[in-house]
Amino acid sequence: MLSPRPARTLAVTLLLTVLGAVLPATAAQAATARTVQGGRLDWAVKSSFQSYVTGPIAQGSWSLTGGAATAGGSQFRFHSATGSYAPETGAFTARFVGGVRFLGHPKSGGGHELDLTISRPSVRIAGGTGTLFADMVSKDRGSGRVTSTAQVPLATLGLSGIDMRGGSTPVVLRGVPATLTAQGAKAFAGYYPAGTPLDPVSLSVDTIAPAGQPAASKSPGKKAGSTPKTEKPAKGAAGRIEDAAVDWGVRRTFREYVTGPVGKGKWTLADGARDGGALFRFPRGTGTYDPAKRTLDAGFAGSVRFTAADGLDLELSAVAVRIEAGRGTLLADVRSDGERRRAVPLVTFPAKDLAPKNGLAVLTEAPATLTSGGAKTFGALYRAGTAMDPVSLAVAVDTGAELPALPDLGSDPSPDPAATASTTPAAPATGRAAASTDSRTGAYLAAGGATVLVAAAGTFLLIRRHRTTRTDDQ
């Protein structure tokens, strides 16, 4: 029969053994929490609501704010995700930028009876439950009182069959069902009751391990397409451009047509052009700029090619901007229907204020108008004088100046859920999760931890019984 001292020694030894197995694993799990940086969330809110707003009854419209874009024909794309992701537990938080404002039922005295803005959506997942939050500004249908609320729990997310554990990057969810909450129904100005199904939510975000560093292309403060210079010019020196970029989305409805159910097409970027969601960035500007006269003659890198099922094949390259006498023109080489035209003036825009400040001259969202040459480029789609997407321009005349950051859409997720299943938790259109190697690993680690804890419980039970028996014998 064991004496009390050996029994206590055995208990301590077993406890230390168990803790030695559990604690390092716990510390390792905590150390693997990842940072969310970059990504997009695609959501139509509720397609029938969009149709109602823009239809003959409400006679309204919607507009995008904060760099939000459209994806396909009806979804809104929010960008620049930040947050955190714990692969071991599946806990996930991602906050996005951008918003959409719905206006409807115009009043004779001005304004609208329907005025609803949804912005800065965020997704939080923990313990198998998920919620979509958003900033909401809405006008009450009866009183007209405007209410503004930050991060309303707008919708619950149907995560049945989705295992968030074990993913790496990007983390991808597709077609997750969303249901309006009671608080969301109130913030929605009472247009729908709680429990109403909303459109499904899809998202893709990049994650970064704690020991890693963000890639240059994902850093929000990184200059796009810039080339460091060792020589610093005198401030205001005429003719010197350190770096420059021009942002232009062509036209939102054109992009929607290309990628929507009619065009069934896509656009392809090359030679350094970048996708900002609602716009394309053409970087690495070179040329001449006179701050005193506020004139500019610059060319930019990159190209964009639009293709669609109806035979559309349009490429814009060698983008250039010329500014003189307060007026700007955006030009590009155009290839369409086997024909190539060089330096075609596509749009004009006001550019009266292009004075540099802190080494950077910026023109933000200048309204653009289609030229006759631009109208020829788009065939019968648009006439000369049509309003196109605005033009934004940034010219660095000092090596220390950084160009404005693009919306960060993150990595482009695979269109096929099975293709990303080996590295990310994925929810196909059915809302079910695809099995993944990393998810299985995560489950294995969790099961291993549970096994150790069960063993620990068994050990303590064994010790307690032994000590109880020993006391009874004394």
# chains A, B, ... in the order shown; residues from 1 in each chain; ligands from 1

call {"tool": "residues_around", "arguments": {"residues": "Pro153 in chain A", "least_positions_apart": "2", "cutoff": "8 Å", "atoms": "only C-alpha atoms", "output": "MDAnalysis selection string"}}
result
chainID A and resid 131:134 151 155:156 181 183:184

call {"tool": "closest_atom_pairs", "arguments": {"of": "range 69-149 of chain A", "to": "range 248-262 of chain A", "cutoff": "9 Å", "atoms": "only C-alpha atoms", "output": "JSON lines"}}
result
{"residue": "A:Ala69", "atom": "CA", "partner": "A:Arg252", "partner_atom": "CA", "distance": 8.2}
{"residue": "A:Thr70", "atom": "CA", "partner": "A:Glu256", "partner_atom": "CA", "distance": 7.1}
{"residue": "A:Ala71", "atom": "CA", "partner": "A:Glu256", "partner_atom": "CA", "distance": 7.1}
{"residue": "A:Gly72", "atom": "CA", "partner": "A:Gly260", "partner_atom": "CA", "distance": 4.7}
{"residue": "A:Gly73", "atom": "CA", "partner": "A:Gly260", "partner_atom": "CA", "distance": 4.6}
{"residue": "A:Ser74", "atom": "CA", "partner": "A:Glu256", "partner_atom": "CA", "distance": 8.2}

call {"tool": "select_by_dssp", "arguments": {"residues": "range 125-304 of chain A", "states": "alpha helix (DSSP H)", "output": "PyMOL selection string"}}
result
chain A and resi 182-187+252-259

call {"tool": "closest_residue", "arguments": {"among": "A:Ile208, A:Ile125, A:Leu314, A:Ala44", "to": "Ser168 in chain A", "atoms": "only C-alpha atoms"}}
result
A:Ile208

call {"tool": "residues_around", "arguments": {"residues": "Val362 in chain A", "least_positions_apart": "2", "cutoff": "9 Å", "atoms": "only C-alpha atoms", "output": "MDAnalysis selection string"}}
result
chainID A and resid 353:357 360 364 392:396 403:404

call {"tool": "residues_around", "arguments": {"residues": "Arg335 in chain A", "least_positions_apart": "4", "cutoff": "8 Å", "atoms": "only C-alpha atoms", "output": "PyMOL selection string"}}
result
chain A and resi 314-316+339-341

call {"tool": "write_last_selection", "arguments": {"atoms": "C-alpha atoms", "output": "short mmCIF file (atom, residue, chain, number, x, y, z; two decimals), in the first residue's frame"}}
result
data_model
loop_
_atom_site.label_atom_id
_atom_site.label_comp_id
_atom_site.auth_asym_id
_atom_site.auth_seq_id
_atom_site.Cartn_x
_atom_site.Cartn_y
_atom_site.Cartn_z
CA LEU A 314 -11.84 46.53 -75.69
CA GLU A 315 -8.38 47.32 -74.35
CA LEU A 316 -7.17 50.66 -72.98
CA GLU A 339 -8.22 48.19 -84.82
CA ARG A 340 -5.72 50.14 -82.77
CA ARG A 341 -5.92 53.90 -82.30
#

call {"tool": "residues_around", "arguments": {"residues": "Arg294 in chain A", "least_positions_apart": "4", "cutoff": "10 Å", "atoms": "only C-alpha atoms", "output": "VMD selection string"}}
result
chain A and resid 238 289 to 290 323 to 326 351 to 356 361

call {"tool": "atom_distance", "arguments": {"atom1": "CA of Gly67 in chain A", "atom2": "CA of Ser303 in chain A"}}
result
20.9 Å

call {"tool": "closest_residue", "arguments": {"among": "A:Gly90, A:Gly195, A:Pro345, A:Gly98", "to": "Gly66 in chain A", "atoms": "only C-alpha atoms"}}
result
A:Gly98

call {"tool": "select_by_dssp", "arguments": {"residues": "range 171-349 of chain A", "states": "strand (DSSP E or B)", "output": "count of residues only"}}
result
86

call {"tool": "residues_around", "arguments": {"residues": "Phe92 in chain A", "least_positions_apart": "3", "cutoff": "10 Å", "atoms": "only C-alpha atoms", "output": "short mmCIF file (atom, residue, chain, number, x, y, z; two decimals) with N, CA and C atoms, in the first residue's frame"}}
result
data_model
loop_
_atom_site.label_atom_id
_atom_site.label_comp_id
_atom_site.auth_asym_id
_atom_site.auth_seq_id
_atom_site.Cartn_x
_atom_site.Cartn_y
_atom_site.Cartn_z
N ALA A 33 -2.44 33.26 -33.68
CA ALA A 33 -3.51 34.18 -34.08
C ALA A 33 -3.00 35.07 -35.21
N ARG A 34 -3.82 35.26 -36.23
CA ARG A 34 -3.40 35.98 -37.43
C ARG A 34 -4.12 37.32 -37.53
N THR A 35 -3.47 38.26 -38.20
CA THR A 35 -4.04 39.58 -38.43
C THR A 35 -4.72 39.62 -39.79
N VAL A 36 -5.92 40.11 -39.83
CA VAL A 36 -6.63 40.31 -41.10
C VAL A 36 -6.19 41.64 -41.69
N GLY A 83 -8.77 43.22 -39.03
CA GLY A 83 -9.34 42.42 -37.96
C GLY A 83 -8.40 41.34 -37.51
N SER A 84 -8.95 40.20 -37.10
CA SER A 84 -8.13 39.11 -36.58
C SER A 84 -8.80 37.78 -36.86
N TYR A 85 -7.99 36.72 -36.86
CA TYR A 85 -8.48 35.37 -37.10
C TYR A 85 -7.64 34.39 -36.29
N ALA A 86 -8.31 33.53 -35.52
CA ALA A 86 -7.65 32.50 -34.74
C ALA A 86 -7.95 31.14 -35.36
N PRO A 87 -7.01 30.56 -36.11
CA PRO A 87 -7.29 29.29 -36.79
C PRO A 87 -7.67 28.15 -35.85
N THR A 89 -9.42 28.21 -32.97
CA THR A 89 -10.79 28.28 -32.44
C THR A 89 -11.81 28.66 -33.51
N VAL A 123 -17.96 41.66 -39.85
CA VAL A 123 -18.42 40.29 -39.60
C VAL A 123 -17.67 39.74 -38.39
N ARG A 124 -18.42 39.19 -37.46
CA ARG A 124 -17.81 38.58 -36.27
C ARG A 124 -18.34 37.16 -36.14
N ILE A 125 -17.42 36.22 -35.98
CA ILE A 125 -17.77 34.81 -35.84
C ILE A 125 -17.05 34.26 -34.62
N ALA A 126 -17.80 33.60 -33.75
CA ALA A 126 -17.22 32.97 -32.56
C ALA A 126 -18.17 31.89 -32.09
N GLY A 127 -17.61 30.75 -31.68
CA GLY A 127 -18.42 29.69 -31.12
C GLY A 127 -19.49 29.15 -32.06
N GLY A 130 -22.41 33.64 -36.09
CA GLY A 130 -21.87 34.80 -36.80
C GLY A 130 -22.88 35.91 -36.92
N MET A 164 -14.79 27.00 -39.24
CA MET A 164 -13.87 28.12 -39.42
C MET A 164 -12.46 27.78 -38.95
N ARG A 165 -12.26 26.64 -38.36
CA ARG A 165 -10.94 26.31 -37.82
C ARG A 165 -9.98 25.87 -38.92
N VAL A 171 -8.89 33.70 -46.19
CA VAL A 171 -10.08 33.09 -45.61
C VAL A 171 -11.25 33.47 -46.50
#
